[in-house]
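Worksheet for the structure shown next.
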Amino acid sequence: MTAAIFIWLTSCFLRRCWISSTQQHIIHKEQELSTLETTASFPTVEQIMRRNDACNGNGASVLYVPKGDYVLGPVVFSGPCKRPIMFLMTGVLKALPGPSAVSNWINFRNVSLLLIKGGGTFDGQGPSAWRFNNCHKDPNCRPLPINLKFDSVMNSRIEFVKSVNSNQTHISFHGCKNVNITDVEVLAPAESSNTDGIKMGRSSGIRILNSKISTGDDCVAILSRSSNIEVSNVHCGPGHGISIGSLGKYHGELHVHGVTVTGTYCPLTDQGASSHIQIRDFTYRNTRGTTSSEVAVSFECSKKFPCKNIVMTDVNFVHSKRGLSLKSTCSNVIGRSFGL
């Protein structure tokens with residue numbers, strides 16, 4: 001059977017990593033890891049992550065996926081960890097094909113100083129599961145798995161990796177603080193429903209920079225109780241653009257504020273808010289895009305809590321059909337516009 005090596009490196013610093021010891025963990029290509037025979041010397045990557053071998057070392061650790069294609073079942077990496085940890089991806093990790101009963105494929109929880117990088121790919125194998133997605137029709141449906149889910153992750157970076165064909169949302173943050181996403185590529189066809197690119201809720205200090213997001217749903221979705229969000233130099237499309245969406249759908253949702261969008265190419269949408277939600281302190285600067293809708297920008301805000309401090313500077317949208325004009329709609333918005 002063809003095999004490859006998953007290497008766990010310990011006792012090194014993330015910026016200048018000198019390998020003092022290594023353990024080699026065999027991952028068999030194109031096989032379901034959870035069904036493979038293992039020994040005490042060669043646990044699977046799932047076992048490593050679940051028992052936190054890489055998390056509890058004395059020095060900083062590196063989880064390394066070398067070049068090659070590997071199939072990986074659902075896993076949870078749960079902290080807190082004693083030291084920084086790098087997930088170095090140079091290969092391709094593939095989810096198990098078909099629908100799954102779990103809500104997340106790869107889940108990082110309660111981790112600080114996490115670095116994910118390396119040019120590798122997380123492939124959710126969505127085409128084998130999308131036909132089972134009926135959430136747009138059935139509100140009581142079972143959602144398909146998220147490719148990469150981050151819960152309570154702090155002071156971390158995700159860079160130079162790719163998420164492809166997620167069953168559902170590609171990258172999701174909940175309760176996270178100070179996370180930079182740089183030079184990331186998210187890919188799914190336009191007809192893949194509910195495949196949001198990057199989604200966040202109850203998070204702050206999330207920065208999405210120099211990235212490309214092409215999906216069948218929102219490019220970036222910013223949900224309840226999110227603040228100090230920056231989207232800069234991001235190419236969106238196909239997809240539904242940058243959305244402040246689903247607000248007011250659930251009881252107890254909180255305000256969203258401090259969002260800045262600059263140098264970004266995409267359709268720009270705002271799904272509005274209920275009477276319990278306020279959107280404030282938003283800046284859209286140097287943003288351009290192409291849309292097939294006659295409404296390029298729409299703000300439908302709450303009468304009770306109107307959108308406040310909305311600034312739009314040098315925003316340019318054109319219709320996908322040459323010669324057709326566009327319009328913008330605003331309801332209950334307090335703000336300014338320049339160079340529209």
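Letters for chains follow the order of the structure tokens (A, B, ...), residue numbers begin at 1 for each chain, and ligand numbers begin at 1 in the order shown.
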Those of segment 191-232 of chain A in DSSP strand (DSSP E or B), formatted as a PyMOL selection string: chain A and resi 198-201+204-214+220-222+227-232
Contacts of Pro189 of chain A within 8 Å, only C-alpha atoms, excl. fewer than 3 positions in-chain, as a ChimeraX atom specification: /A:165,192,214-216,238
Let's have the selection written as an mmCIF file, in the first residue's frame, with N, CA, C and O atoms.
data_model
loop_
_atom_site.group_PDB
_atom_site.id
_atom_site.type_symbol
_atom_site.label_atom_id
_atom_site.label_comp_id
_atom_site.auth_asym_id
_atom_site.auth_seq_id
_atom_site.Cartn_x
_atom_site.Cartn_y
_atom_site.Cartn_z
ATOM 1 N N ASN A 165 -14.188 23.410 -2.417
ATOM 2 C CA ASN A 165 -15.396 22.580 -2.460
ATOM 3 C C ASN A 165 -15.847 22.094 -1.084
ATOM 4 O O ASN A 165 -16.090 20.899 -0.860
ATOM 5 N N SER A 192 -23.023 25.981 -6.151
ATOM 6 C CA SER A 192 -22.950 25.262 -4.870
ATOM 7 C C SER A 192 -23.599 26.115 -3.786
ATOM 8 O O SER A 192 -23.087 27.146 -3.403
ATOM 9 N N SER A 214 -14.174 32.647 -4.166
ATOM 10 C CA SER A 214 -15.143 32.360 -5.222
ATOM 11 C C SER A 214 -16.047 31.239 -4.735
ATOM 12 O O SER A 214 -15.594 30.105 -4.570
ATOM 13 N N THR A 215 -17.325 31.546 -4.483
ATOM 14 C CA THR A 215 -18.220 30.561 -3.874
ATOM 15 C C THR A 215 -19.622 30.659 -4.473
ATOM 16 O O THR A 215 -19.897 31.499 -5.325
ATOM 17 N N GLY A 216 -20.505 29.806 -3.948
ATOM 18 C CA GLY A 216 -21.903 29.853 -4.342
ATOM 19 C C GLY A 216 -22.761 30.634 -3.386
ATOM 20 O O GLY A 216 -23.994 30.652 -3.532
ATOM 21 N N PRO A 238 -17.307 34.203 -8.294
ATOM 22 C CA PRO A 238 -18.751 34.407 -8.110
ATOM 23 C C PRO A 238 -19.134 34.323 -6.636
ATOM 24 O O PRO A 238 -18.347 33.881 -5.800
#
Gap from atom CA of Ile146 of chain A to atom CA of Phe122 of chain A - Å, one decimal: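 A separation of 11.1 Å between them.
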Contact residues around Phe150 of chain A with only C-alpha atoms at 9 Å, ignoring same-chain residues under 4 positions, as a list in words: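 Residues meeting the cut-off are Ile106, Asn107, Phe108, Arg109, Asn110, Val111, Ile171, Ser172, Phe173, His174, Gly175 and Cys176 of chain A.
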Proximity to Val102 of chain A - best of A:Ser193, A:Gly237, A:Lys149, A:Val179, only C-alpha atoms: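 Counting only C-alpha atoms, the residue closest to Val102 of chain A is A:Lys149.
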Residues flagged helix (DSSP H, G or I) by DSSP in segment 112-316 of chain A, as a VMD selection string: chain A and resid 126 to 128 130 to 132
Residues just named, written with C-alpha atoms as a PDB file, in the first residue's frame:
ATOM      1  CA  GLY A 126     -18.459  18.996  -1.821  1.00  0.00           C
ATOM      2  CA  PRO A 127     -19.701  17.665  -5.187  1.00  0.00           C
ATOM      3  CA  SER A 128     -20.396  14.320  -3.497  1.00  0.00           C
ATOM      4  CA  TRP A 130     -24.194  19.162  -2.313  1.00  0.00           C
ATOM      5  CA  ARG A 131     -27.224  17.353  -3.714  1.00  0.00           C
ATOM      6  CA  PHE A 132     -28.188  16.458  -0.124  1.00  0.00           C
TER       7      PHE A 132
END
Point-to-point distance in Å for atom CA of Thr121 of chain A and atom CA of Pro99 of chain A: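 That distance, rounded to one decimal, is 19.9 Å.
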Gap from atom CA of Ser320 of chain A to atom CA of Ile198 of chain A - Å, one decimal: 24.7 Å
Option closest in space to Cys301 of chain A, from A:Ile244, A:Val259, A:Leu187, A:Val76 [counting only C-alpha atoms]: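 Selected residue with least distance to Cys301 of chain A: A:Ile244.
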Surrounding residues of Gly118 of chain A excluding itself and chain neighbours under 3 positions, 6 Å, only C-alpha atoms, as a list in words: Leu88, Met89, Thr90 and Phe160 of chain A
Residue with smallest distance to Tyr70 of chain A - pool A:Ala101, A:Ile279, A:Val92, A:Val161, counting only C-alpha atoms: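 Nearest candidate to Tyr70 of chain A out of A:Ala101, A:Ile279, A:Val92, A:Val161: A:Val92.
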Nearest residue to Met154 of chain A from the set A:Gly91, A:Gly98, A:Pro84, A:Gly124 (distances using only C-alpha atoms): A:Pro84
Neighbour list for segment 231-235 of chain A as an MDAnalysis selection string, cut-off 10 Å, only C-alpha atoms, skip fewer than 6 positions in-chain: chainID A and resid 181:185 206:214 219:220 241:242 259:267 284:289
